[in-house]
Each structure stands twice: as structure tokens, then as C-alpha cells.
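Trainee: One structure, pasted below without further comment.
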Amino acid sequence: MTELLRVDQISPNEVVVSTPLEIAFDHSIGVMNRLGKVKKSDRASQFIEGRVKYGFQSVKVRLSFV
């Protein structure tokens, strides 16, 4: 079942996802896999690192959950 997530943009590089951590973490890994590649993820430290394409370049991305 697909759940709708409420996402509010706070600044150009910060968003708030109004959902429990586990759901947000799983959803974010899925999004990162669709946009690029997940290089490292750690639920205990609450972060995901990966690379996504931006034009012709590959960009490092780090998602932190607080």
C-alpha cells in the first residue's frame, strides 16, 4: 500500500517529511535508488549517502534524518 507523505520545504537544501523515521528512511532509499545509486546507508546513525545525475554530472548527496 502506498502512503502519501507530507513534505514541506524549509530552505533550498532542507525539507521536513511528516512521517515516522522508519517510513521516511525506507521511502528515501527507494527515491535515491530511482534517481541514482545508494553508496552507504546507516539506520543507527540515520543517514543515506549516494550519487545522482544532475545534467551531465554526477552529484554526491547525503540525507540526514533528525
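Quick note on naming: the chains in the C-alpha cells go A, B, ... in the order shown, residues restart at 1 in each chain, and ligands are numbered from 1 in order of appearance.
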Which residues are near Thr19 of chain A? Cut-off 10 Å, only C-alpha atoms, ignore same chain within fewer than 6 positions. Put them as a short mmCIF file (atom, residue, chain, number, x, y, z; two decimals) with C-alpha atoms, in the first residue's frame.

Mentor:
```cif
data_model
loop_
_atom_site.label_atom_id
_atom_site.label_comp_id
_atom_site.auth_asym_id
_atom_site.auth_seq_id
_atom_site.Cartn_x
_atom_site.Cartn_y
_atom_site.Cartn_z
CA GLU A 3 1.25 6.05 1.75
CA LEU A 4 1.09 9.74 0.99
CA LEU A 5 3.87 11.67 2.68
CA ARG A 6 3.62 15.31 3.65
CA VAL A 7 6.82 17.10 2.62
CA PHE A 25 14.10 6.18 5.70
#
```

Trainee: Based on the backbone DSSP call, show me all residues of chain A assigned strand (DSSP E or B), as a ChimeraX atom specification.

Mentor: /A:6-11,14-18,36-42,47-54,57-64

Trainee: Could you make a table, as JSON lines, of the residues of segment 6-35 of chain A that have an atom within 10 Å of an atom of segment 43-65 of chain A, each with its nearest atom pair and distance in Å to one decimal, counting only C-alpha atoms, in chain and number order?

Mentor:
```
{"residue": "A:Glu14", "atom": "CA", "partner": "A:Leu63", "partner_atom": "CA", "distance": 9.5}
{"residue": "A:Val16", "atom": "CA", "partner": "A:Phe65", "partner_atom": "CA", "distance": 9.4}
{"residue": "A:Val17", "atom": "CA", "partner": "A:Phe65", "partner_atom": "CA", "distance": 9.5}
{"residue": "A:Leu21", "atom": "CA", "partner": "A:Phe65", "partner_atom": "CA", "distance": 7.5}
{"residue": "A:Glu22", "atom": "CA", "partner": "A:Arg43", "partner_atom": "CA", "distance": 8.5}
{"residue": "A:Ala24", "atom": "CA", "partner": "A:Phe65", "partner_atom": "CA", "distance": 8.6}
{"residue": "A:Phe25", "atom": "CA", "partner": "A:Arg43", "partner_atom": "CA", "distance": 7.8}
{"residue": "A:Asp26", "atom": "CA", "partner": "A:Arg43", "partner_atom": "CA", "distance": 9.8}
{"residue": "A:Ser28", "atom": "CA", "partner": "A:Ile48", "partner_atom": "CA", "distance": 8.2}
{"residue": "A:Ile29", "atom": "CA", "partner": "A:Ile48", "partner_atom": "CA", "distance": 7.3}
{"residue": "A:Met32", "atom": "CA", "partner": "A:Gly50", "partner_atom": "CA", "distance": 7.2}
{"residue": "A:Asn33", "atom": "CA", "partner": "A:Gly50", "partner_atom": "CA", "distance": 8.7}
{"residue": "A:Arg34", "atom": "CA", "partner": "A:Val52", "partner_atom": "CA", "distance": 9.1}
{"residue": "A:Leu35", "atom": "CA", "partner": "A:Val52", "partner_atom": "CA", "distance": 5.7}
```

Trainee: Store the residues picked out above in a file with N, CA and C atoms, as a PDB file, in the first residue's frame.

Mentor:
```pdb
ATOM      1  N   GLU A  14      16.813  21.850   2.573  1.00  0.00           N
ATOM      2  CA  GLU A  14      16.254  21.203   3.761  1.00  0.00           C
ATOM      3  C   GLU A  14      14.748  21.029   3.600  1.00  0.00           C
ATOM      4  N   VAL A  16      11.192  18.854   5.442  1.00  0.00           N
ATOM      5  CA  VAL A  16      10.654  18.128   6.586  1.00  0.00           C
ATOM      6  C   VAL A  16       9.625  17.146   6.048  1.00  0.00           C
ATOM      7  N   VAL A  17       9.818  15.850   6.351  1.00  0.00           N
ATOM      8  CA  VAL A  17       8.889  14.800   5.964  1.00  0.00           C
ATOM      9  C   VAL A  17       8.124  14.399   7.217  1.00  0.00           C
ATOM     10  N   LEU A  21      10.153   7.820  11.360  1.00  0.00           N
ATOM     11  CA  LEU A  21      11.510   7.688  10.822  1.00  0.00           C
ATOM     12  C   LEU A  21      11.667   6.481   9.909  1.00  0.00           C
ATOM     13  N   GLU A  22      11.176   5.328  10.310  1.00  0.00           N
ATOM     14  CA  GLU A  22      11.353   4.103   9.507  1.00  0.00           C
ATOM     15  C   GLU A  22      10.723   4.244   8.123  1.00  0.00           C
ATOM     16  N   ALA A  24      10.055   7.124   6.512  1.00  0.00           N
ATOM     17  CA  ALA A  24      10.808   8.137   5.772  1.00  0.00           C
ATOM     18  C   ALA A  24      12.132   7.572   5.266  1.00  0.00           C
ATOM     19  N   PHE A  25      12.808   6.772   6.086  1.00  0.00           N
ATOM     20  CA  PHE A  25      14.095   6.179   5.700  1.00  0.00           C
ATOM     21  C   PHE A  25      13.902   5.229   4.513  1.00  0.00           C
ATOM     22  N   ASP A  26      12.911   4.331   4.604  1.00  0.00           N
ATOM     23  CA  ASP A  26      12.650   3.385   3.520  1.00  0.00           C
ATOM     24  C   ASP A  26      12.252   4.107   2.237  1.00  0.00           C
ATOM     25  N   SER A  28      13.014   7.175   1.358  1.00  0.00           N
ATOM     26  CA  SER A  28      14.166   7.919   0.851  1.00  0.00           C
ATOM     27  C   SER A  28      15.162   7.009   0.146  1.00  0.00           C
ATOM     28  N   ILE A  29      15.369   5.801   0.653  1.00  0.00           N
ATOM     29  CA  ILE A  29      16.246   4.844  -0.033  1.00  0.00           C
ATOM     30  C   ILE A  29      15.660   4.485  -1.396  1.00  0.00           C
ATOM     31  N   MET A  32      16.211   7.459  -3.727  1.00  0.00           N
ATOM     32  CA  MET A  32      17.630   7.558  -4.111  1.00  0.00           C
ATOM     33  C   MET A  32      17.983   6.483  -5.136  1.00  0.00           C
ATOM     34  N   ASN A  33      17.459   5.281  -4.976  1.00  0.00           N
ATOM     35  CA  ASN A  33      17.724   4.214  -5.946  1.00  0.00           C
ATOM     36  C   ASN A  33      17.122   4.529  -7.308  1.00  0.00           C
ATOM     37  N   ARG A  34      15.967   5.203  -7.342  1.00  0.00           N
ATOM     38  CA  ARG A  34      15.358   5.569  -8.619  1.00  0.00           C
ATOM     39  C   ARG A  34      16.110   6.711  -9.300  1.00  0.00           C
ATOM     40  N   LEU A  35      16.638   7.643  -8.514  1.00  0.00           N
ATOM     41  CA  LEU A  35      17.335   8.804  -9.079  1.00  0.00           C
ATOM     42  C   LEU A  35      18.809   8.541  -9.365  1.00  0.00           C
TER      43      LEU A  35
END
```
